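File shown here: start39.cif, holding mmCIF, C-alpha atoms.
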```cif
data_data
loop_
_atom_site.label_atom_id
_atom_site.label_comp_id
_atom_site.auth_asym_id
_atom_site.auth_seq_id
_atom_site.Cartn_x
_atom_site.Cartn_y
_atom_site.Cartn_z
CA MET A 1 0.87 -1.99 7.98
CA LEU A 2 3.59 -2.75 5.53
CA GLU A 3 1.24 -4.25 2.94
CA PRO A 4 -1.40 -1.57 2.64
CA LEU A 5 -5.07 -2.49 2.96
CA TRP A 6 -6.32 0.90 1.85
CA GLY A 7 -6.53 2.26 -1.68
CA TRP A 8 -8.96 1.47 -4.48
CA PRO A 9 -10.45 -1.01 -5.06
CA PRO A 10 -10.63 -1.98 -1.39
CA PRO A 11 -9.26 -5.51 -0.92
CA VAL A 12 -12.70 -6.85 0.03
CA LEU A 13 -13.92 -5.97 -3.47
CA ASP A 14 -10.72 -7.19 -5.12
CA PRO A 15 -10.64 -10.95 -4.44
CA ALA A 16 -7.51 -12.87 -5.40
CA GLY A 17 -8.97 -16.35 -4.99
CA PRO A 18 -12.21 -18.36 -4.92
CA TYR A 19 -12.88 -18.04 -1.19
CA ALA A 20 -12.54 -14.28 -1.14
CA GLU A 21 -14.67 -14.15 -4.29
CA LYS A 22 -17.58 -15.74 -2.44
CA VAL A 23 -17.31 -13.07 0.22
CA THR A 24 -17.31 -10.38 -2.46
CA VAL A 25 -20.38 -11.87 -4.14
CA LEU A 26 -22.15 -11.99 -0.78
CA ALA A 27 -21.16 -8.41 -0.03
CA TRP A 28 -22.51 -7.12 -3.36
CA ALA A 29 -25.72 -9.16 -3.02
CA LEU A 30 -26.41 -7.80 0.45
CA PHE A 31 -25.62 -4.31 -0.75
CA ALA A 32 -28.01 -4.68 -3.70
CA MET A 33 -30.76 -6.05 -1.47
CA GLY A 34 -30.25 -3.24 1.00
CA LEU A 35 -30.48 -0.72 -1.84
CA LEU A 36 -33.71 -2.31 -3.11
CA VAL A 37 -35.36 -2.24 0.33
CA THR A 38 -34.24 1.33 0.92
CA GLY A 39 -35.75 2.25 -2.47
CA VAL A 40 -39.08 0.59 -1.65
CA VAL A 41 -39.24 2.34 1.73
CA ILE A 42 -38.49 5.75 0.19
CA VAL A 43 -41.15 5.28 -2.48
CA ALA A 44 -43.71 4.12 0.11
CA LEU A 45 -42.88 7.12 2.27
CA TRP A 46 -43.26 9.51 -0.63
CA VAL A 47 -46.61 7.96 -1.61
CA ALA A 48 -47.81 8.09 2.00
CA ILE A 49 -47.12 11.83 2.16
CA LYS A 50 -47.83 13.07 -1.34
CA GLY A 51 -49.84 10.28 -2.96
CA PRO A 52 -53.59 10.34 -3.85
CA PRO A 53 -55.98 9.53 -0.98
CA TRP A 54 -57.06 6.11 -2.27
CA ILE A 55 -53.45 4.83 -2.13
CA LYS A 56 -52.92 6.41 1.25
CA SER A 57 -55.92 4.59 2.69
CA LYS A 58 -54.66 1.31 1.26
CA LEU A 59 -51.14 1.85 2.63
CA GLY A 60 -52.54 2.59 6.07
CA GLY A 61 -54.25 -0.78 6.33
CA GLU A 62 -53.29 -3.58 8.65
CA LYS A 63 -52.69 -5.88 5.70
CA VAL A 64 -49.79 -3.76 4.44
CA VAL A 65 -48.09 -3.98 7.83
CA TRP A 66 -48.46 -7.76 7.90
CA ILE A 67 -47.19 -8.23 4.37
CA GLY A 68 -44.60 -5.47 4.08
CA GLY A 69 -43.49 -5.34 7.68
CA VAL A 70 -43.51 -9.00 8.73
CA ALA A 71 -43.83 -11.47 5.88
CA PHE A 72 -41.53 -9.73 3.38
CA PRO A 73 -38.54 -9.20 5.74
CA ALA A 74 -38.96 -12.67 7.25
CA VAL A 75 -38.91 -14.36 3.85
CA VAL A 76 -36.14 -12.20 2.36
CA LEU A 77 -33.87 -12.40 5.40
CA THR A 78 -34.35 -16.15 5.71
CA ILE A 79 -33.48 -16.66 2.07
CA LEU A 80 -30.44 -14.41 2.36
CA LEU A 81 -29.28 -16.13 5.53
CA VAL A 82 -29.57 -19.63 4.13
CA TRP A 83 -27.99 -18.58 0.83
CA GLY A 84 -25.14 -16.72 2.57
CA LEU A 85 -24.35 -19.59 4.90
CA THR A 86 -24.45 -22.10 2.06
CA LEU A 87 -22.30 -19.90 -0.16
CA THR A 88 -19.57 -19.46 2.45
CA ALA A 89 -19.79 -22.92 4.08
CA SER A 90 -16.70 -24.11 2.21
CA LEU A 91 -14.57 -21.34 3.78
CA THR A 92 -14.53 -23.05 7.15
CA GLN A 93 -14.24 -26.64 5.98
CA GLY A 94 -11.45 -28.60 7.72
CA ILE A 95 -8.94 -31.02 6.22
CA THR A 96 -10.41 -33.28 3.56
CA GLY A 97 -7.30 -34.60 1.86
CA LYS A 98 -3.74 -33.48 1.43
CA GLU A 99 -4.20 -29.75 1.68
CA THR A 100 -1.31 -27.65 2.95
CA ARG A 101 -1.91 -27.01 6.64
CA ILE A 102 -0.74 -24.01 8.61
CA ARG A 103 -1.53 -23.32 12.24
CA VAL A 104 -1.87 -19.64 13.08
CA THR A 105 -2.16 -18.64 16.72
CA GLY A 106 -3.20 -15.14 17.67
CA GLU A 107 -1.08 -13.74 20.51
CA MET A 108 -1.12 -10.27 22.05
CA TRP A 109 -0.08 -8.70 19.55
CA TRP A 110 1.39 -10.88 16.85
CA PHE A 111 0.70 -14.10 14.93
CA ARG A 112 2.53 -17.35 15.69
CA VAL A 113 2.77 -19.36 12.47
CA GLN A 114 3.46 -23.09 12.37
CA TYR A 115 3.58 -25.14 9.20
CA LEU A 116 2.10 -28.59 9.78
CA GLY A 117 2.98 -31.92 8.23
CA PRO A 118 0.40 -34.41 6.98
CA ASN A 119 -0.09 -35.80 10.50
CA GLY A 120 -0.46 -32.42 12.11
CA GLU A 121 3.14 -32.31 13.38
CA VAL A 122 4.92 -28.93 13.37
CA ILE A 123 7.50 -28.84 10.60
CA LEU A 124 8.46 -25.17 10.73
CA ASN A 125 8.05 -22.32 13.21
CA ASP A 126 7.70 -18.77 11.99
CA ALA A 127 5.79 -15.61 12.80
CA ASN A 128 3.75 -12.83 11.22
CA GLU A 129 4.12 -14.18 7.73
CA ILE A 130 2.25 -16.92 5.88
CA HIS A 131 3.74 -18.43 2.77
CA LEU A 132 1.38 -20.43 0.62
CA PRO A 133 1.37 -22.14 -2.75
CA VAL A 134 -0.67 -20.52 -5.52
CA GLY A 135 -3.84 -22.02 -6.95
CA GLU A 136 -4.72 -24.51 -4.22
CA PRO A 137 -6.69 -24.31 -1.01
CA VAL A 138 -4.64 -23.94 2.16
CA VAL A 139 -6.30 -24.91 5.42
CA LEU A 140 -5.46 -22.63 8.30
CA GLU A 141 -5.96 -23.92 11.82
CA LEU A 142 -6.77 -20.84 13.87
CA ARG A 143 -6.15 -20.69 17.60
CA SER A 144 -5.67 -18.06 20.24
CA ALA A 145 -3.20 -18.00 23.10
CA ASP A 146 -4.93 -15.31 25.15
CA VAL A 147 -7.93 -13.24 24.06
CA ILE A 148 -10.18 -13.24 21.01
CA HIS A 149 -8.36 -12.13 17.88
CA SER A 150 -9.63 -12.27 14.33
CA PHE A 151 -7.68 -13.44 11.32
CA TRP A 152 -8.30 -11.52 8.12
CA VAL A 153 -6.58 -11.42 4.75
CA PRO A 154 -9.29 -9.67 2.74
CA HIS A 155 -7.77 -10.58 -0.64
CA LEU A 156 -7.77 -14.30 0.15
CA SER A 157 -10.73 -15.22 2.32
CA GLY A 158 -13.30 -14.14 4.88
CA LYS A 159 -12.72 -13.03 8.43
CA LYS A 160 -12.52 -15.63 11.18
CA ASP A 161 -12.27 -15.15 14.91
CA MET A 162 -9.47 -16.84 16.83
CA ILE A 163 -11.06 -17.97 20.06
CA PRO A 164 -9.16 -19.16 23.14
CA GLY A 165 -9.54 -22.91 23.72
CA ARG A 166 -10.98 -23.60 20.29
CA LYS A 167 -9.53 -24.78 17.01
CA LEU A 168 -11.27 -23.26 14.01
CA PHE A 169 -10.55 -23.71 10.33
CA LEU A 170 -10.34 -21.11 7.62
CA ARG A 171 -9.50 -21.83 4.01
CA VAL A 172 -7.51 -19.37 1.96
CA GLN A 173 -6.44 -19.50 -1.65
CA ALA A 174 -4.46 -17.13 -3.84
CA ASP A 175 -4.74 -17.55 -7.59
CA LYS A 176 -1.79 -15.34 -8.39
CA ALA A 177 1.59 -15.02 -6.75
CA GLY A 178 2.11 -11.89 -4.69
CA ARG A 179 1.89 -10.34 -1.28
CA TYR A 180 -1.36 -9.77 0.53
CA GLY A 181 -1.73 -7.77 3.69
CA GLY A 182 -3.54 -9.14 6.71
CA VAL A 183 -4.60 -7.80 10.09
CA CYS A 184 -6.14 -8.74 13.37
CA ALA A 185 -9.75 -7.69 12.89
CA GLU A 186 -11.03 -7.97 16.46
CA TYR A 187 -9.96 -5.43 19.05
CA CYS A 188 -7.62 -7.34 21.35
CA GLY A 189 -6.27 -4.59 23.61
CA GLY A 190 -3.26 -2.27 23.56
CA PRO A 191 -1.46 -2.14 20.23
CA HIS A 192 -4.18 -4.11 18.39
CA ALA A 193 -4.00 -1.65 15.50
CA LEU A 194 -0.33 -2.61 15.02
CA MET A 195 -0.98 -6.35 14.77
CA GLY A 196 -0.64 -7.39 11.18
CA PHE A 197 1.00 -9.93 8.94
CA VAL A 198 1.80 -10.60 5.32
CA ALA A 199 0.57 -13.54 3.26
CA VAL A 200 2.99 -14.39 0.47
CA ALA A 201 1.76 -16.59 -2.37
CA HIS A 202 4.39 -18.41 -4.45
CA GLU A 203 4.12 -20.72 -7.42
CA ARG A 204 4.10 -24.29 -6.11
CA ALA A 205 7.77 -25.00 -6.93
CA ALA A 206 8.94 -21.70 -5.49
CA TRP A 207 6.94 -22.37 -2.34
CA GLU A 208 8.54 -25.78 -1.93
CA GLY A 209 11.91 -24.11 -2.46
CA TRP A 210 11.11 -21.54 0.21
CA LEU A 211 10.20 -24.28 2.67
CA ALA A 212 13.31 -26.32 1.79
CA GLU A 213 15.56 -23.28 2.31
CA ARG A 214 14.17 -22.79 5.80
CA HIS A 215 14.68 -26.47 6.59
CA ALA A 216 18.23 -26.40 5.26
CA ALA A 217 19.00 -23.32 7.35
CA GLN A 218 17.56 -24.96 10.43
CA ALA A 219 19.44 -28.23 9.89
CA ALA A 220 22.75 -26.37 9.60
CA ALA A 221 24.19 -24.63 12.66
CA PRO A 222 22.86 -21.07 13.12
CA ALA A 223 24.67 -18.57 10.94
CA GLY A 224 27.60 -16.58 12.35
CA PRO A 225 28.58 -18.92 15.21
CA ALA A 226 31.49 -16.74 16.34
CA MET A 227 29.85 -13.36 15.83
CA PRO A 228 29.73 -11.08 18.88
CA GLY A 229 26.04 -10.51 18.27
CA ARG A 230 25.27 -14.11 19.13
CA ARG A 231 27.09 -13.84 22.47
CA ILE A 232 25.41 -10.52 23.30
CA PHE A 233 21.99 -11.88 22.31
CA LEU A 234 22.42 -14.84 24.66
CA GLU A 235 24.03 -12.82 27.47
CA SER A 236 21.29 -10.20 27.39
CA GLY A 237 18.72 -12.88 28.08
CA CYS A 238 16.87 -12.63 24.76
CA GLY A 239 16.61 -16.42 24.81
CA ALA A 240 14.16 -16.29 27.71
CA CYS A 241 11.42 -15.32 25.27
CA HIS A 242 12.85 -16.07 21.84
CA ARG A 243 14.02 -19.26 20.26
CA VAL A 244 16.83 -19.55 17.73
CA ALA A 245 17.17 -23.20 16.73
CA GLY A 246 20.65 -24.55 17.38
CA THR A 247 21.42 -22.15 20.26
CA GLU A 248 20.55 -22.13 23.96
CA ALA A 249 17.87 -19.55 23.16
CA ASN A 250 14.70 -21.58 23.50
CA GLY A 251 12.05 -19.21 24.83
CA LEU A 252 8.58 -19.75 23.46
CA ILE A 253 6.83 -16.60 24.69
CA GLY A 254 7.85 -14.36 21.80
CA PRO A 255 8.23 -14.99 18.08
CA ASP A 256 10.65 -17.72 17.01
CA LEU A 257 13.70 -15.96 15.54
CA THR A 258 15.27 -18.96 13.78
CA HIS A 259 14.38 -17.43 10.40
CA VAL A 260 13.96 -13.79 11.39
CA GLY A 261 16.48 -12.60 8.78
CA SER A 262 14.31 -13.86 5.95
CA ARG A 263 11.12 -12.19 7.11
CA LEU A 264 9.65 -9.23 5.27
CA THR A 265 8.53 -7.36 8.35
CA LEU A 266 9.30 -6.70 12.00
CA GLY A 267 6.94 -6.05 14.88
CA ALA A 268 4.06 -8.06 13.33
CA GLY A 269 3.72 -6.72 9.81
CA ILE A 270 4.42 -3.11 10.70
CA LEU A 271 8.06 -2.29 9.92
CA PRO A 272 10.26 -3.24 6.99
CA ASN A 273 12.94 -5.70 8.06
CA ASN A 274 16.45 -4.33 7.70
CA HIS A 275 19.47 -3.80 9.91
CA GLY A 276 18.38 -0.32 10.92
CA THR A 277 14.78 -1.16 11.81
CA LEU A 278 15.98 -4.24 13.71
CA MET A 279 18.27 -2.05 15.83
CA GLY A 280 15.46 0.42 16.42
CA TRP A 281 13.01 -2.33 17.36
CA ILE A 282 15.35 -3.97 19.88
CA GLY A 283 16.51 -0.61 21.25
CA ASP A 284 13.09 0.87 21.85
CA SER A 285 10.19 -1.22 20.60
CA GLN A 286 7.91 0.56 23.09
CA SER A 287 8.14 3.83 21.19
CA ILE A 288 7.27 2.02 17.97
CA LYS A 289 4.51 -0.27 19.27
CA PRO A 290 3.49 1.05 22.68
CA GLY A 291 2.37 -1.63 25.12
CA ASN A 292 3.80 -4.59 23.22
CA ARG A 293 5.27 -7.30 25.42
CA MET A 294 8.89 -6.84 24.45
CA PRO A 295 10.62 -4.34 26.74
CA SER A 296 12.75 -1.60 25.23
CA TYR A 297 16.40 -2.58 25.51
CA SER A 298 17.50 1.02 25.80
CA MET A 299 20.14 -0.08 28.33
CA LEU A 300 22.05 -1.73 25.49
CA PRO A 301 24.55 0.62 23.85
CA ALA A 302 24.19 1.09 20.11
CA GLU A 303 27.32 -1.05 19.51
CA LYS A 304 25.51 -4.02 21.06
CA LEU A 305 22.26 -3.34 19.19
CA ASP A 306 24.30 -3.22 16.02
CA ALA A 307 25.98 -6.55 16.81
CA ILE A 308 22.71 -8.30 17.70
CA ALA A 309 20.99 -6.95 14.59
CA ASP A 310 23.94 -8.07 12.48
CA TRP A 311 23.72 -11.61 13.81
CA LEU A 312 19.93 -11.87 13.76
CA GLY A 313 19.81 -10.54 10.21
CA ARG A 314 21.79 -13.59 9.15
CA GLN A 315 19.31 -16.06 10.62
CA LYS A 316 17.53 -16.96 7.42
CA MET B 1 26.88 36.22 8.54
CA PRO B 2 26.02 37.59 5.06
CA MET B 3 22.38 37.91 4.12
CA ARG B 4 21.29 35.47 1.54
CA ASP B 5 19.59 36.19 -1.71
CA ARG B 6 15.91 35.80 -0.75
CA SER B 7 14.91 35.14 -4.33
CA LYS B 8 16.48 31.67 -3.94
CA LEU B 9 14.17 30.75 -1.06
CA PRO B 10 10.98 28.76 -1.76
CA LEU B 11 8.47 31.23 -3.14
CA ARG B 12 5.67 32.19 -0.82
CA PRO B 13 3.16 35.00 -1.05
CA VAL B 14 4.43 37.39 1.63
CA ALA B 15 2.55 40.50 2.65
CA PRO B 16 4.83 43.57 2.72
CA VAL B 17 4.41 44.10 6.46
CA TRP B 18 5.46 40.54 7.17
CA ALA B 19 8.37 40.90 4.79
CA MET B 20 9.52 43.94 6.73
CA MET B 21 9.19 42.11 10.02
CA ALA B 22 11.04 39.16 8.63
CA GLY B 23 13.74 41.52 7.42
CA LEU B 24 14.11 43.02 10.88
CA ALA B 25 14.16 39.56 12.42
CA LEU B 26 16.91 38.60 10.01
CA LEU B 27 19.00 41.60 11.00
CA SER B 28 18.64 40.94 14.70
CA ALA B 29 18.90 37.15 14.77
CA CYS B 30 22.14 35.32 15.36
CA LYS B 31 20.53 32.02 14.36
CA GLN B 32 19.75 31.06 10.79
CA PRO B 33 16.51 32.55 9.54
CA PRO B 34 13.47 30.29 9.92
CA ALA B 35 13.67 28.84 6.45
CA SER B 36 15.62 25.91 5.14
CA ARG B 37 19.14 26.75 4.00
CA ILE B 38 19.26 24.42 1.07
CA ASP B 39 16.62 25.09 -1.52
CA ALA B 40 15.57 21.51 -2.11
CA ASP B 41 13.17 20.41 -4.79
CA ALA B 42 9.65 19.74 -3.46
CA ALA B 43 9.06 16.70 -5.68
CA ALA B 44 12.36 15.17 -4.57
CA ALA B 45 11.45 15.86 -0.96
CA ALA B 46 8.09 14.10 -1.36
CA ARG B 47 9.84 11.07 -2.86
CA GLY B 48 12.29 11.24 0.02
CA LEU B 49 9.56 11.05 2.64
CA SER B 50 8.03 8.06 0.95
CA ALA B 51 11.47 6.37 0.74
CA MET B 52 11.94 6.98 4.45
CA GLU B 53 8.61 5.30 5.17
CA THR B 54 9.52 2.35 2.98
CA VAL B 55 12.85 1.64 4.67
CA GLY B 56 11.61 2.52 8.15
CA CYS B 57 13.83 5.42 9.26
CA GLY B 58 11.12 6.16 11.83
CA ALA B 59 12.02 2.98 13.73
CA CYS B 60 14.86 4.97 15.30
CA HIS B 61 14.22 8.66 14.50
CA GLU B 62 11.37 11.01 15.13
CA ILE B 63 10.86 12.71 11.76
CA PRO B 64 8.61 15.74 11.21
CA GLY B 65 5.94 14.79 8.69
CA LEU B 66 5.99 11.11 9.62
CA ASP B 67 3.14 10.30 12.01
CA TRP B 68 4.37 6.84 12.91
CA PRO B 69 6.69 5.41 14.09
CA LYS B 70 8.61 7.91 16.17
CA GLY B 71 11.48 5.79 17.43
CA ARG B 72 13.80 7.04 20.11
CA THR B 73 16.85 4.85 19.62
CA ALA B 74 18.53 7.60 17.59
CA PRO B 75 18.28 11.40 17.68
CA SER B 76 15.08 13.18 16.74
CA LEU B 77 15.22 14.95 13.38
CA VAL B 78 12.92 17.77 14.47
CA GLY B 79 14.67 20.98 13.45
CA PHE B 80 17.11 19.06 11.29
CA ASP B 81 17.17 21.86 8.71
CA ASP B 82 18.90 24.03 11.30
CA ILE B 83 21.67 21.69 12.40
CA GLY B 84 25.35 22.42 11.97
CA PRO B 85 27.65 19.65 10.77
CA ILE B 86 25.99 16.34 9.85
CA ALA B 87 26.29 13.90 12.74
CA GLY B 88 28.41 16.54 14.43
CA GLN B 89 31.24 16.01 12.01
CA LEU B 90 30.58 16.14 8.27
CA ALA B 91 30.26 19.36 6.31
CA ASN B 92 26.57 20.07 5.85
CA THR B 93 26.19 19.65 2.10
CA PRO B 94 23.50 17.78 0.15
CA ALA B 95 26.09 15.33 -1.20
CA ASN B 96 27.42 14.54 2.27
CA LEU B 97 23.95 14.15 3.71
CA ALA B 98 22.89 11.82 0.89
CA ALA B 99 26.03 9.73 1.39
CA PHE B 100 25.47 9.65 5.14
CA VAL B 101 21.83 8.48 5.08
CA ARG B 102 22.72 5.76 2.60
CA ASN B 103 25.84 4.40 4.26
CA ALA B 104 26.59 6.17 7.51
CA PRO B 105 29.56 4.03 8.63
CA ALA B 106 31.29 4.71 5.31
CA ALA B 107 30.59 8.45 5.40
CA LYS B 108 31.55 8.79 9.04
CA PRO B 109 33.70 5.92 10.31
CA GLY B 110 32.47 4.69 13.66
CA SER B 111 28.91 5.90 13.11
CA LEU B 112 26.38 3.59 14.76
CA MET B 113 23.70 4.36 12.25
CA PRO B 114 23.70 1.37 9.90
CA ALA B 115 23.78 1.49 6.12
CA MET B 116 20.20 1.67 4.87
CA PRO B 117 18.73 -0.04 1.80
CA LEU B 118 18.45 3.16 -0.26
CA SER B 119 19.61 3.72 -3.82
CA GLU B 120 21.80 6.75 -4.54
CA SER B 121 18.90 8.70 -6.00
CA GLU B 122 16.64 7.75 -3.09
CA ALA B 123 19.34 8.95 -0.70
CA ARG B 124 19.42 12.31 -2.52
CA ASP B 125 15.63 12.50 -2.17
CA VAL B 126 15.87 11.75 1.55
CA ALA B 127 18.46 14.52 1.91
CA ALA B 128 16.11 16.86 0.02
CA TYR B 129 13.33 16.06 2.47
CA LEU B 130 15.56 16.61 5.49
CA TYR B 131 16.60 20.02 4.18
CA ARG B 132 12.98 20.99 3.65
CA ILE B 133 11.97 20.26 7.22
CA ASP B 134 10.87 23.71 8.32
CA ASP B 135 9.37 23.29 11.74
CA ASP B 136 10.46 26.42 13.56
#
```

Take the structure from the file and write it as structure tokens.
Amino acid sequence: MLEPLWGWPPPVLDPAGPYAEKVTVLAWALFAMGLLVTGVVIVALWVAIKGPPWIKSKLGGEKVVWIGGVAFPAVVLTILLVWGLTLTASLTQGITGKETRIRVTGEMWWFRVQYLGPNGEVILNDANEIHLPVGEPVVLELRSADVIHSFWVPHLSGKKDMIPGRKLFLRVQADKAGRYGGVCAEYCGGPHALMGFVAVAHERAAWEGWLAERHAAQAAAPAGPAMPGRRIFLESGCGACHRVAGTEANGLIGPDLTHVGSRLTLGAGILPNNHGTLMGWIGDSQSIKPGNRMPSYSMLPAEKLDAIADWLGRQK
Amino acid sequence: MPMRDRSKLPLRPVAPVWAMMAGLALLSACKQPPASRIDADAAAAARGLSAMETVGCGACHEIPGLDWPKGRTAPSLVGFDDIGPIAGQLANTPANLAAFVRNAPAAKPGSLMPAMPLSESEARDVAAYLYRIDDD
């Protein structure tokens, strides 16, 4: 993944917003409770083997089993369950007011990203990248187009499955601007391990600017109208799966490429986005992400890959 | 081909018997000896590998030392330390290699490898790494 999720502290223990913080608190509490119970069990075991006879006879009684083995776990686990569910209930709360709404659909093996207007209408199509304003909750509407995926940006919130036929909500919030790595956290076949994305948090004004730039680019004709890359892209049939607003390319199977030149990554969060990696991805994506649904266009000579990459790189 | 001064090669503890065998191999081999010709700095080479990961050279090239990706759009760089002219054309010098990896079309007009987002010093580090590939 381009935005690493390894290193220390692990992102789960390094929350960047209130929702992720709840998950961290829960994780530490469960860890502490687990440690406590393990300690009690070890002490009891030690006493049962090495302790004086009068304690041994007490420990061997039926009462100890009822209290320590049934009542104690039942009470503790019930309390933890209720507390945990209450603590994290706000993570999955839907729209309550004017929150920013983004629909993220898990696809084999990438993330379709659609920014929604106040009435739920799609105002911008993108992929594998989620831009959000800092310091406010953003409501993600999670869907799946095929199998069960799971959406996870450990710095910003909990993990939430994307289930076919269902619409589930997950709230994320970043309290400081920056980039946060995300992954699909539920094995979804083939190149699941290469299915990632980047969440980018901007200050509110910068985020609005980012959105406005995309809209301005989309309203204008696509960049480079006379470039050979555009003709080759269309002639090679790329438009069967990919859409570039303002051209005949209107395929909806693969990621929308209207703004591909402004993305940070290629191949769903796995490669940096530059002219060279774009050529390599188009030319032989199967050697980079084996099993992904884009065929390798190794029949295209490098001159054509170069031209397509040149044109696509300008689609901001 | 004249024998090179072995003291310039990267230092390795070599048992005398192996040194003798290596010496014999050197005398009998037509190919370059199995060690990199340019004595590149190890720290620079390490920075070079990390720069290559950051810009994604692996999207097109298989590169020894890089587990993923191993793209096949462009030639594999396995054994790169033993190649002749760079891209079949440019004199094989560190300066030429650094210039080529940074802006191939400028270094070799007509090259289909695109310019890569590397600074001049990063390009020198990448060249250092490529010279240190020692996979034979």

Apply the PyMOL selection byres ((chain B) within 9 of (chain A)) to the displayed file and report the matching residues as a ChimeraX atom specification. /B:53-61,68-74,112-117

Please compute the CA of Arg214 (chain A)-CA of Ala185 (chain A) distance, one decimal, in Å.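 Between CA of Arg214 (chain A) and CA of Ala185 (chain A) the gap is 29.2 Å.
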
May I ask which of the residues B:Leu77, B:Ala106, B:Ala128, B:Ala95 is the closest one to Ser50 (chain B), counting all atoms listed in the file?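 Distance minimum relative to Ser50 (chain B) lands on B:Ala128.
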
Residues within 9 Å of region 42-45 of chain B, please, as a VMD selection string. Count all atoms listed in the file; anything in the same chain fewer than 6 positions from it doesn't count. chain B and resid 122 124 to 132

So, with only C-alpha atoms as the atoms that count, which of A:Leu300, A:Leu266, A:Val153, A:Ala221 lies closest to Leu194 (chain A)?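 Comparing A:Leu300, A:Leu266, A:Val153, A:Ala221 against Leu194 (chain A), the winner is A:Leu266.
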
In Å, rounded to a single decimal, give me how far CA of Val172 (chain A) is from CA of Ser144 (chain A).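 One can read the CA of Ser144 (chain A) to CA of Val172 (chain A) distance as 18.4 Å.
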
d(CA of Ala44 (chain A), CA of Gly68 (chain A)) in Å: 10.4 Å

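Nearest-residue note for Lys108 (chain B): choosing from B:Ala87, B:Ile63, B:Ile133, B:Pro94, the minimum distance belongs to B:Ala87, counting all atoms listed in the file.
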
I'd like the neighbourhood of Arg230 (chain A) as a ChimeraX atom specification, where a residue qualifies if any of its atoms comes within 10 Å (using all atoms listed in the file), though same-chain residues fewer than 5 positions away should be ignored. /A:222-225,235-236,247,307-312

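Those residues returned by the PyMOL selection byres ((chain A and resi 168) around 10) for this file are Thr92, Gln93, Gly94, Arg103, Leu140, Glu141, Leu142, Arg143, Ser144, Lys160, Asp161, Met162, Ile163, Gly165, Arg166, Lys167, Phe169 and Leu170 of chain A.
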
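Comparing the minimum interatomic distances between Cys188 (chain A) and each of A:Met108, A:Leu156, A:Leu252, A:Val40, counting only C-alpha atoms, we find that A:Met108 sits nearest.
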
Determine the residue membership of the PyMOL selection byres ((chain A and resi 117) around 12) for the file above and supply it as a list in words.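 Selected by the PyMOL selection byres ((chain A and resi 117) around 12) here: Lys98, Glu99, Thr100, Arg101, Ile102, Arg103, Gln114, Tyr115, Leu116, Pro118, Asn119, Gly120, Glu121, Val122, Ile123, Leu124, Asn125, Val139 and Leu211 of chain A.
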
Hey, which of A:His155, A:Arg314, A:Arg243, A:Arg179 ends up closest to Pro255 (chain A)? Count all atoms listed in the file. A:Arg243

Judged by all atoms listed in the file, the minimum distance to Ala40 (chain B) among B:Ser119, B:Pro105, B:Ala99, B:Asp81 is found for B:Asp81

Write out as a PyMOL selection string each polymer residue whose atoms come within 10 Å of region 18-23 of chain A, counting only C-alpha atoms; drop sequence neighbours fewer than 6 positions from it. chain A and resi 11-12+29+84+87-92+135-137+153-159+170-175
